[in-house]
$ cat run-v5.cif   # mmCIF, C-alpha atoms and all ligand atoms
data_model
loop_
_atom_site.label_atom_id
_atom_site.label_comp_id
_atom_site.auth_asym_id
_atom_site.auth_seq_id
_atom_site.Cartn_x
_atom_site.Cartn_y
_atom_site.Cartn_z
CA MET O 1 30.45 12.62 -37.01
CA LYS O 2 32.93 15.15 -38.37
CA TYR O 3 34.40 15.86 -34.92
CA PRO O 4 34.01 12.65 -32.87
CA PHE O 5 34.17 13.01 -29.10
CA LEU O 6 36.86 10.36 -28.97
CA ASP O 7 38.26 8.14 -31.73
CA LEU O 8 40.09 5.39 -29.85
CA GLY O 9 41.12 3.56 -33.00
CA LYS O 10 42.86 6.68 -34.21
CA VAL O 11 44.49 7.26 -30.81
CA ASN O 12 46.10 3.82 -30.94
CA GLU O 13 46.81 3.96 -34.67
CA GLU O 14 49.58 6.45 -33.84
CA TYR O 15 51.30 3.74 -31.80
CA ALA O 16 50.38 0.79 -34.03
CA GLN O 17 53.90 -0.19 -35.13
CA ASP O 18 55.27 -0.25 -31.59
CA LEU O 19 52.16 -1.94 -30.20
CA ILE O 20 52.43 -4.72 -32.77
CA GLN O 21 56.11 -5.19 -31.96
CA ALA O 22 55.33 -5.34 -28.23
CA SER O 23 52.52 -7.88 -28.73
CA THR O 24 54.87 -9.99 -30.80
CA ARG O 25 57.38 -9.90 -27.96
CA VAL O 26 54.72 -11.18 -25.53
CA ILE O 27 53.50 -13.89 -27.91
CA HIS O 28 57.02 -15.26 -28.27
CA SER O 29 57.85 -14.92 -24.55
CA GLY O 30 55.65 -17.86 -23.53
CA ARG O 31 54.79 -15.89 -20.38
CA TYR O 32 51.13 -14.83 -20.32
CA ILE O 33 50.56 -14.14 -16.62
CA GLY O 34 52.95 -12.03 -14.55
CA GLY O 35 56.63 -12.15 -15.47
CA GLU O 36 59.15 -9.58 -16.68
CA GLU O 37 56.75 -7.47 -18.77
CA VAL O 38 54.53 -6.72 -15.76
CA ALA O 39 57.49 -6.28 -13.38
CA SER O 40 59.12 -3.81 -15.80
CA LEU O 41 55.96 -1.74 -16.10
CA GLU O 42 55.68 -1.64 -12.29
CA ARG O 43 59.27 -0.32 -12.06
CA GLU O 44 58.67 2.25 -14.78
CA ILE O 45 55.52 3.60 -13.08
CA SER O 46 57.30 3.61 -9.72
CA ASP O 47 60.12 5.74 -11.22
CA TYR O 48 57.69 8.04 -12.99
CA LEU O 49 55.62 8.74 -9.86
CA SER O 50 58.49 8.59 -7.33
CA VAL O 51 56.52 6.06 -5.30
CA PRO O 52 58.41 3.04 -3.92
CA TYR O 53 55.77 0.35 -4.50
CA VAL O 54 53.62 -0.27 -7.56
CA VAL O 55 51.38 -3.29 -8.13
CA ALA O 56 49.87 -3.80 -11.58
CA VAL O 57 46.27 -5.00 -11.41
CA SER O 58 43.27 -5.81 -13.57
CA ASN O 59 41.54 -2.38 -13.65
CA GLY O 60 41.03 0.86 -11.76
CA LEU O 61 38.07 -0.29 -9.67
CA ASP O 62 40.01 -3.36 -8.52
CA ALA O 63 42.98 -1.14 -7.66
CA LEU O 64 40.84 0.99 -5.36
CA ARG O 65 38.89 -1.85 -3.79
CA LEU O 66 42.01 -3.92 -3.09
CA ILE O 67 43.59 -0.95 -1.28
CA LEU O 68 40.51 -0.50 0.90
CA ARG O 69 40.25 -4.23 1.61
CA ALA O 70 43.93 -4.25 2.55
CA TYR O 71 43.33 -1.45 5.07
CA VAL O 72 40.48 -3.51 6.57
CA LEU O 73 42.58 -6.70 6.69
CA LEU O 74 45.49 -4.86 8.30
CA GLY O 75 43.16 -3.43 10.94
CA ASP O 76 43.46 0.26 9.97
CA PHE O 77 39.78 0.34 9.00
CA LYS O 78 36.92 -1.54 10.62
CA PRO O 79 33.72 -2.39 8.76
CA GLY O 80 31.34 0.56 9.16
CA ASP O 81 34.13 3.15 9.27
CA GLU O 82 33.58 6.18 7.07
CA VAL O 83 35.60 7.32 4.08
CA LEU O 84 35.16 10.84 2.71
CA VAL O 85 34.51 10.85 -1.03
CA PRO O 86 33.40 13.57 -3.47
CA ALA O 87 29.74 13.53 -4.47
CA ASN O 88 30.76 14.46 -8.01
CA THR O 89 32.73 11.43 -9.17
CA TYR O 90 32.48 8.33 -11.27
CA ILE O 91 30.63 5.64 -9.32
CA ALA O 92 33.69 3.34 -9.18
CA SER O 93 35.19 5.49 -6.38
CA VAL O 94 32.14 4.73 -4.24
CA LEU O 95 31.85 1.07 -5.28
CA ALA O 96 35.36 0.49 -3.95
CA ILE O 97 34.40 1.89 -0.55
CA THR O 98 31.18 -0.09 -0.11
CA ASP O 99 32.82 -3.28 -1.45
CA ALA O 100 35.17 -3.20 1.56
CA GLY O 101 32.26 -2.85 4.00
CA LEU O 102 33.04 0.83 4.57
CA VAL O 103 30.62 3.76 4.44
CA PRO O 104 31.00 6.56 1.86
CA LYS O 105 30.63 10.03 3.34
CA PHE O 106 29.75 12.21 0.37
CA VAL O 107 31.23 15.70 0.25
CA ASP O 108 29.57 18.14 -2.12
CA ALA O 109 31.41 19.65 -5.08
CA ASP O 110 32.82 23.14 -5.50
CA ALA O 111 31.01 24.82 -8.41
CA GLU O 112 34.25 26.45 -9.52
CA THR O 113 36.60 23.45 -9.55
CA LEU O 114 33.86 20.82 -10.05
CA ASN O 115 35.90 18.89 -7.52
CA LEU O 116 35.47 18.13 -3.83
CA ASP O 117 34.85 21.34 -1.83
CA THR O 118 37.64 21.10 0.73
CA SER O 119 36.05 23.79 2.92
CA LEU O 120 33.22 21.32 3.70
CA LEU O 121 35.50 18.52 4.90
CA GLU O 122 35.75 19.41 8.57
CA ALA O 123 31.96 19.39 9.01
CA HIS O 124 31.76 15.81 7.65
CA ILE O 125 34.22 14.29 10.08
CA ASN O 126 33.11 12.29 13.12
CA SER O 127 34.54 9.54 15.31
CA ARG O 128 34.05 6.90 12.58
CA THR O 129 35.90 8.82 9.87
CA ARG O 130 39.11 6.96 9.03
CA GLY O 131 39.92 7.76 5.44
CA ILE O 132 39.52 10.08 2.50
CA MET O 133 39.46 9.35 -1.21
CA PRO O 134 40.37 12.50 -3.15
CA VAL O 135 39.39 12.00 -6.80
CA HIS O 136 41.47 13.94 -9.32
CA LEU O 137 38.39 14.37 -11.46
CA TYR O 138 38.76 15.42 -15.11
CA GLY O 139 42.55 15.38 -14.64
CA ARG O 140 42.61 18.17 -12.06
CA VAL O 141 44.54 17.38 -8.90
CA CYS O 142 42.38 17.49 -5.77
CA TRP O 143 44.95 18.52 -3.19
CA ASP O 144 45.39 21.79 -1.35
CA GLU O 145 46.53 23.19 2.03
CA THR O 146 43.05 22.76 3.54
CA LEU O 147 42.86 19.11 2.47
CA ALA O 148 46.39 18.37 3.70
CA GLY O 149 45.58 20.10 7.01
CA VAL O 150 42.42 18.05 7.60
CA ILE O 151 44.31 14.83 6.83
CA GLN O 152 47.07 15.65 9.31
CA LYS O 153 44.71 16.85 12.03
CA HIS O 154 42.49 13.75 11.93
CA GLY O 155 45.11 11.18 10.98
CA LEU O 156 43.15 10.05 7.92
CA LYS O 157 44.38 7.41 5.49
CA VAL O 158 44.48 8.92 2.02
CA ILE O 159 43.54 6.78 -0.96
CA GLU O 160 43.78 8.79 -4.18
CA ASP O 161 41.50 7.92 -7.07
CA CYS O 162 44.00 8.76 -9.80
CA ALA O 163 42.05 7.13 -12.65
CA GLN O 164 41.70 10.41 -14.57
CA ALA O 165 44.94 12.15 -13.68
CA PHE O 166 47.97 10.07 -14.54
CA GLY O 167 50.81 12.55 -15.07
CA ALA O 168 49.20 15.52 -13.31
CA ASP O 169 51.23 17.53 -10.78
CA SER O 170 50.13 19.11 -7.54
CA SER O 171 51.32 22.60 -6.62
CA VAL O 172 51.05 21.65 -2.93
CA PRO O 173 53.34 18.71 -2.06
CA GLY O 174 51.85 15.43 -0.86
CA LEU O 175 52.36 13.65 2.48
CA TYR O 176 55.76 12.35 1.33
CA GLY O 177 57.01 15.54 -0.32
CA THR O 178 56.28 14.36 -3.86
CA SER O 179 54.10 16.17 -6.39
CA LYS O 180 52.71 13.70 -8.93
CA ALA O 181 49.05 12.73 -8.65
CA GLY O 182 49.11 9.15 -7.38
CA SER O 183 52.06 9.89 -5.08
CA LEU O 184 50.36 12.38 -2.76
CA GLY O 185 48.59 10.16 -0.21
CA HIS O 186 49.28 6.77 1.35
CA ALA O 187 48.05 4.78 -1.63
CA ALA O 188 46.50 5.43 -5.04
CA GLY O 189 44.44 3.57 -7.59
CA MET O 190 45.17 4.14 -11.28
CA SER O 191 43.12 3.10 -14.30
CA PHE O 192 44.36 2.31 -17.78
CA TYR O 193 40.88 1.85 -19.22
CA PRO O 194 41.24 2.56 -22.96
CA THR O 195 39.74 6.08 -22.78
CA LYS O 196 42.04 7.33 -19.99
CA ASN O 197 45.01 9.60 -20.67
CA ILE O 198 47.16 6.49 -20.89
CA GLY O 199 44.96 3.64 -22.00
CA ALA O 200 45.59 -0.07 -22.43
CA LEU O 201 43.95 -2.08 -25.21
CA GLY O 202 41.53 -3.54 -22.70
CA ASP O 203 41.16 -3.32 -18.93
CA ALA O 204 44.16 -2.58 -16.74
CA GLY O 205 45.02 -0.67 -13.58
CA ALA O 206 47.68 -0.17 -10.93
CA ILE O 207 48.18 0.57 -7.27
CA ALA O 208 50.92 2.93 -6.12
CA THR O 209 51.75 3.18 -2.44
CA HIS O 210 54.35 4.46 0.00
CA SER O 211 53.53 1.59 2.39
CA GLN O 212 55.34 -1.73 2.05
CA GLU O 213 52.62 -3.37 4.16
CA ILE O 214 49.85 -2.21 1.83
CA ALA O 215 51.89 -3.20 -1.21
CA GLN O 216 52.39 -6.73 0.11
CA ALA O 217 48.74 -7.06 1.10
CA VAL O 218 47.34 -5.88 -2.25
CA ARG O 219 49.81 -8.02 -4.18
CA ALA O 220 48.67 -11.07 -2.26
CA LEU O 221 44.97 -10.13 -2.48
CA ALA O 222 45.22 -9.72 -6.26
CA ASN O 223 46.71 -13.22 -6.53
CA TYR O 224 44.17 -15.42 -4.66
CA GLY O 225 45.40 -14.07 -1.33
CA SER O 226 48.63 -16.00 -1.65
CA ASP O 227 51.99 -14.64 -0.46
CA THR O 228 54.00 -17.55 -1.76
CA ARG O 229 52.85 -20.25 -4.13
CA TYR O 230 50.03 -22.44 -2.73
CA HIS O 231 50.13 -20.59 0.59
CA ASN O 232 47.10 -18.35 1.13
CA ILE O 233 47.12 -15.75 3.88
CA TYR O 234 43.91 -14.02 2.68
CA GLN O 235 40.68 -15.07 0.98
CA GLY O 236 41.76 -13.23 -2.14
CA PHE O 237 40.82 -12.62 -5.75
CA ASN O 238 42.27 -12.87 -9.20
CA CYS O 239 42.95 -9.22 -10.13
CA ARG O 240 46.21 -9.39 -12.06
CA MET O 241 47.25 -7.29 -15.06
CA ASP O 242 47.94 -9.32 -18.21
CA PRO O 243 51.49 -9.07 -19.60
CA ILE O 244 50.00 -8.19 -22.99
CA GLN O 245 48.43 -5.06 -21.45
CA ALA O 246 51.65 -4.28 -19.57
CA ALA O 247 53.48 -4.42 -22.91
CA MET O 248 50.95 -2.04 -24.52
CA LEU O 249 51.31 0.39 -21.61
CA ARG O 250 55.11 0.29 -21.77
CA VAL O 251 54.84 1.58 -25.33
CA LYS O 252 52.60 4.43 -24.26
CA LEU O 253 54.13 5.50 -20.95
CA PRO O 254 57.13 7.33 -22.50
CA MET O 255 54.68 9.35 -24.62
CA LEU O 256 52.42 10.38 -21.75
CA GLU O 257 53.99 13.79 -21.07
CA GLN O 258 53.61 14.68 -24.73
CA GLU O 259 50.01 13.46 -24.81
CA ASN O 260 49.14 15.49 -21.74
CA ALA O 261 50.86 18.59 -23.15
CA ALA O 262 48.76 18.22 -26.30
CA ARG O 263 45.59 18.12 -24.18
CA ARG O 264 46.69 21.31 -22.40
CA GLU O 265 47.12 23.05 -25.75
CA ARG O 266 43.58 22.12 -26.74
CA ALA O 267 42.20 23.27 -23.40
CA LYS O 268 43.95 26.60 -23.91
CA ILE O 269 42.34 27.02 -27.32
CA TYR O 270 38.88 26.33 -25.91
CA ASN O 271 39.48 28.72 -23.05
CA SER O 272 40.55 31.57 -25.30
CA ARG O 273 37.94 30.96 -28.02
CA LEU O 274 34.75 29.95 -26.21
CA LYS O 275 32.56 32.99 -25.62
CA SER O 276 28.92 32.64 -24.72
CA PRO O 277 26.81 33.81 -21.79
CA LEU O 278 25.20 30.36 -21.90
CA ILE O 279 28.32 28.52 -20.80
CA VAL O 280 30.82 28.59 -17.94
CA LYS O 281 34.36 27.61 -18.89
CA PRO O 282 36.80 25.94 -16.51
CA ASN O 283 38.74 28.60 -14.64
CA LEU O 284 42.35 28.05 -15.71
CA THR O 285 43.70 29.65 -12.55
CA SER O 286 41.80 27.51 -10.08
CA PHE O 287 42.33 24.47 -12.29
CA GLY O 288 46.10 24.80 -12.05
CA VAL O 289 48.58 24.72 -14.92
CA ASP O 290 49.69 21.16 -14.33
CA GLN O 291 46.40 19.37 -14.69
CA VAL O 292 46.11 16.87 -17.51
CA TRP O 293 42.62 17.56 -18.88
CA HIS O 294 41.27 14.03 -18.96
CA GLN O 295 38.07 15.88 -19.79
CA TYR O 296 37.47 19.47 -20.83
CA VAL O 297 34.19 20.19 -19.06
CA ILE O 298 32.01 23.25 -19.52
CA ARG O 299 28.81 24.06 -17.62
CA VAL O 300 25.74 24.99 -19.63
CA ARG O 301 23.29 27.37 -17.94
CA ASP O 302 19.52 27.78 -18.06
CA GLY O 303 18.71 24.08 -18.41
CA LYS O 304 20.06 24.14 -21.97
CA ARG O 305 22.71 21.42 -21.63
CA ASP O 306 20.79 18.68 -23.43
CA ALA O 307 19.59 21.09 -26.13
CA LEU O 308 23.15 22.27 -26.75
CA LYS O 309 24.43 18.69 -26.85
CA GLU O 310 21.78 17.80 -29.44
CA ALA O 311 22.46 20.89 -31.53
CA LEU O 312 26.19 20.13 -31.50
CA THR O 313 25.52 16.57 -32.65
CA LEU O 314 23.62 17.98 -35.63
CA GLU O 315 26.66 20.17 -36.38
CA GLY O 316 28.91 17.10 -36.30
CA VAL O 317 30.49 17.72 -32.90
CA GLY O 318 30.50 14.76 -30.51
CA THR O 319 30.27 15.52 -26.79
CA ASP O 320 29.68 13.50 -23.63
CA VAL O 321 28.33 14.01 -20.12
CA HIS O 322 30.47 13.16 -17.07
CA TYR O 323 28.23 12.31 -15.30
CA PRO O 324 24.45 12.48 -15.82
CA THR O 325 23.61 10.97 -12.38
CA PRO O 326 25.69 11.35 -9.22
CA PRO O 327 26.42 8.09 -7.34
CA HIS O 328 24.12 8.91 -4.39
CA LEU O 329 21.16 9.08 -6.80
CA GLN O 330 21.88 5.75 -8.50
CA PRO O 331 19.38 2.94 -7.82
CA CYS O 332 22.08 0.79 -6.19
CA TYR O 333 22.70 3.53 -3.59
CA ALA O 334 19.05 4.23 -2.69
CA ALA O 335 20.14 4.34 0.96
CA PHE O 336 21.87 7.66 0.20
CA SER O 337 19.20 9.23 -2.01
CA HIS O 338 17.90 11.43 0.83
CA LEU O 339 21.23 13.30 1.06
CA SER O 340 21.29 16.91 0.01
CA LEU O 341 24.26 17.47 -2.29
CA PRO O 342 22.97 20.42 -4.31
CA VAL O 343 26.12 21.37 -6.21
CA ALA O 344 26.84 17.85 -7.41
CA GLU O 345 23.20 17.47 -8.44
CA GLN O 346 23.22 20.77 -10.30
CA LEU O 347 26.47 19.86 -12.06
CA SER O 348 24.95 16.60 -13.30
CA HIS O 349 22.42 18.71 -15.24
CA GLU O 350 24.97 21.25 -16.51
CA VAL O 351 28.25 19.54 -17.38
CA LEU O 352 29.27 18.85 -20.96
CA SER O 353 32.61 17.38 -22.07
CA LEU O 354 34.17 18.51 -25.36
CA PRO O 355 36.63 16.59 -27.58
CA ILE O 356 40.11 16.95 -26.06
CA THR O 357 42.31 14.11 -27.34
CA THR O 358 45.34 14.52 -29.59
CA THR O 359 43.45 13.08 -32.54
CA THR O 360 41.36 16.26 -32.67
CA SER O 361 43.84 18.67 -34.29
CA LEU O 362 44.43 22.21 -33.02
CA GLU O 363 42.67 23.52 -36.11
CA GLU O 364 39.68 21.26 -35.47
CA THR O 365 39.61 22.39 -31.85
CA THR O 366 39.37 26.00 -33.04
CA GLU O 367 36.57 25.00 -35.42
CA ILE O 368 34.69 23.21 -32.63
CA ALA O 369 34.93 26.34 -30.45
CA ALA O 370 33.47 28.44 -33.27
CA ILE O 371 30.63 25.98 -33.84
CA LEU O 372 29.89 25.92 -30.13
CA ASN O 373 29.82 29.72 -29.90
CA ARG O 374 27.42 29.91 -32.82
CA THR O 375 25.18 27.10 -31.54
CA ALA O 376 25.08 28.45 -27.99
CA GLN O 377 24.22 31.90 -29.34
CA SER O 378 21.16 30.65 -31.19
CA LEU O 379 19.99 28.67 -28.15
CA TYR O 380 20.53 31.62 -25.86
CA TYR O 381 18.11 33.74 -27.88
CA THR O 382 15.54 30.99 -28.36
CA ASP O 383 12.31 31.82 -26.59
CA GLU O 384 11.39 28.86 -24.40
CA THR O 385 7.63 29.37 -24.86
C1 LIG F 401 37.68 5.06 -14.90
C2 LIG F 401 37.53 5.41 -13.47
C3 LIG F 401 37.60 4.44 -12.46
C4 LIG F 401 37.59 2.96 -12.72
O1 LIG F 401 38.60 2.50 -13.54
P1 LIG F 401 38.35 1.17 -14.40
O2 LIG F 401 39.69 0.82 -14.90
O3 LIG F 401 37.38 1.52 -15.47
O4 LIG F 401 37.81 0.14 -13.47
C5 LIG F 401 37.57 4.86 -11.15
N1 LIG F 401 37.45 6.15 -10.82
C6 LIG F 401 37.36 7.12 -11.76
C7 LIG F 401 37.26 8.54 -11.33
C8 LIG F 401 37.38 6.78 -13.11
O5 LIG F 401 37.29 7.73 -14.03
#

$ encode --input "run-v5.cif" --output "structure tokens" --more "lines below"
Ligand SMILES: *Cc1c(COP(=O)(O)O)cnc(C)c1O
Amino acid sequence: MKYPFLDLGKVNEEYAQDLIQASTRVIHSGRYIGGEEVASLEREISDYLSVPYVVAVSNGLDALRLILRAYVLLGDFKPGDEVLVPANTYIASVLAITDAGLVPKFVDADAETLNLDTSLLEAHINSRTRGIMPVHLYGRVCWDETLAGVIQKHGLKVIEDCAQAFGADSSVPGLYGTSKAGSLGHAAGMSFYPTKNIGALGDAGAIATHSQEIAQAVRALANYGSDTRYHNIYQGFNCRMDPIQAAMLRVKLPMLEQENAARRERAKIYNSRLKSPLIVKPNLTSFGVDQVWHQYVIRVRDGKRDALKEALTLEGVGTDVHYPTPPHLQPCYAAFSHLSLPVAEQLSHEVLSLPITTTTSLEETTEIAAILNRTAQSLYYTDET
């Protein structure tokens, strides 16, 4: 593939010297669970987000599910309570909700932002609604006046799924007056899965929260439910982040702003170069200038998404689909398959993600746009019969 969708080896090659040095430090430290490396990363993320409490955990799904379980244990949520969640998201958002014995209340997507349609929120709220999980999908912050208003009016707990948006800023301030994604609600789950904007060299995640109570509960839950050694207040889990991953992430965190700026540059190139009646580009205005483009997602019209993807592969351009099946249509969520979520369902047939990482150069990005224009043109004029 001349233009791979994502070359993770190349992404980390740029940091290789520092990563090797950091691994060496961990090897010689003799401390392979917890310790200073993990504590330092927690402090650094806390400073970066302006959130008082950060708990490093095993991955993004665990981050989200531990937060929700903590709310249940602390009595804020009761089993069977409903949590609003976008219908267009990665399934992990929903898995976290059902894992805690809570019920996902799917809110359809907005065809423009591809994100939760905040104008639909009010109609989905009933007496069992206790929380909302805004997902900053594709790196675009899901937070506006309408959303903030609904949260205030109904006293909802806000758990951000920040897996795709580390470093993004919101133009509307969060509940605590801060602006970084992950600092906007009461608590947030972050993922450092290797493909994310800041990726570990394996699984890793973090919880950020403004609540000391939640911080203490998730820290205990992630460590067998123990608050002090051999004293277990909860029936917990083992969901800790390894110091070796913390060390990798400490190398990459200072470079995050630069990485995200590079993604923005590539998004700008696509937006100015892509021209085809077959595709819909992300609207830069409604997407906001401060989003971090975890994915650059176009919509392909006329049922031509898969044909375009195939044609691009033949031209040496790797692409991906986020996501081909919405969570409510997955076999494991058959109980929700009757729901009508037309926009999310339509998006699953139309979305196509283009290469956006720093390892695709600006020049290559321009070339990819030209190839896409040419390929889309030929498909557009192909007679289906
Ligand atoms: C990646 C991702 C997760 C899960 O993170 P992991 O670290 O892979 O467990 C959750 N939600 C969204 C939106 C994601 O993209």

$ residues_near_ligand --input "run-v5.cif" --ligand "ligand LIG 401 (chain F)" --cutoff "9 Å" --atoms "all atoms listed in the file" --output "PyMOL selection string"
chain O and resi 58-64+89-94+96+135-138+161-165+189-196+203-206+294

$ atom_distance --input "run-v5.cif" --atom1 "CA of Leu284 (chain O)" --atom2 "CA of Asp117 (chain O)"
17.1 Å

$ atom_distance --input "run-v5.cif" --atom1 "CA of Asp320 (chain O)" --atom2 "CA of Ile279 (chain O)"
15.3 Å

$ residues_around --input "run-v5.cif" --residues "region 270-275 of chain O" --least-positions-apart "3" --cutoff "8 Å" --atoms "all atoms listed in the file" --output "MDAnalysis selection string"
chainID O and resid 266:267 279 281:282 284 365:366 369:370 372:373

$ closest_residue --input "run-v5.cif" --among "O:Ile356, O:Leu221, O:Val343, O:Ala70" --to "Phe106 (chain O)" --atoms "only C-alpha atoms"
O:Val343

$ residues_around --input "run-v5.cif" --residues "Tyr333 (chain O)" --least-positions-apart "6" --cutoff "12 Å" --atoms "all atoms listed in the file" --output "list in words"
Ile91, Val94, Leu95, Thr98, Val103, Pro104, Phe106, Thr325, Pro326, Pro327 and Leu339 of chain O

$ atom_distance --input "run-v5.cif" --atom1 "CA of Leu41 (chain O)" --atom2 "CA of Leu249 (chain O)"
7.5 Å

$ closest_residue --input "run-v5.cif" --among "O:Leu73, O:Ala148, O:Val251, O:Met241" --to "Ser23 (chain O)" --atoms "all atoms listed in the file"
O:Val251
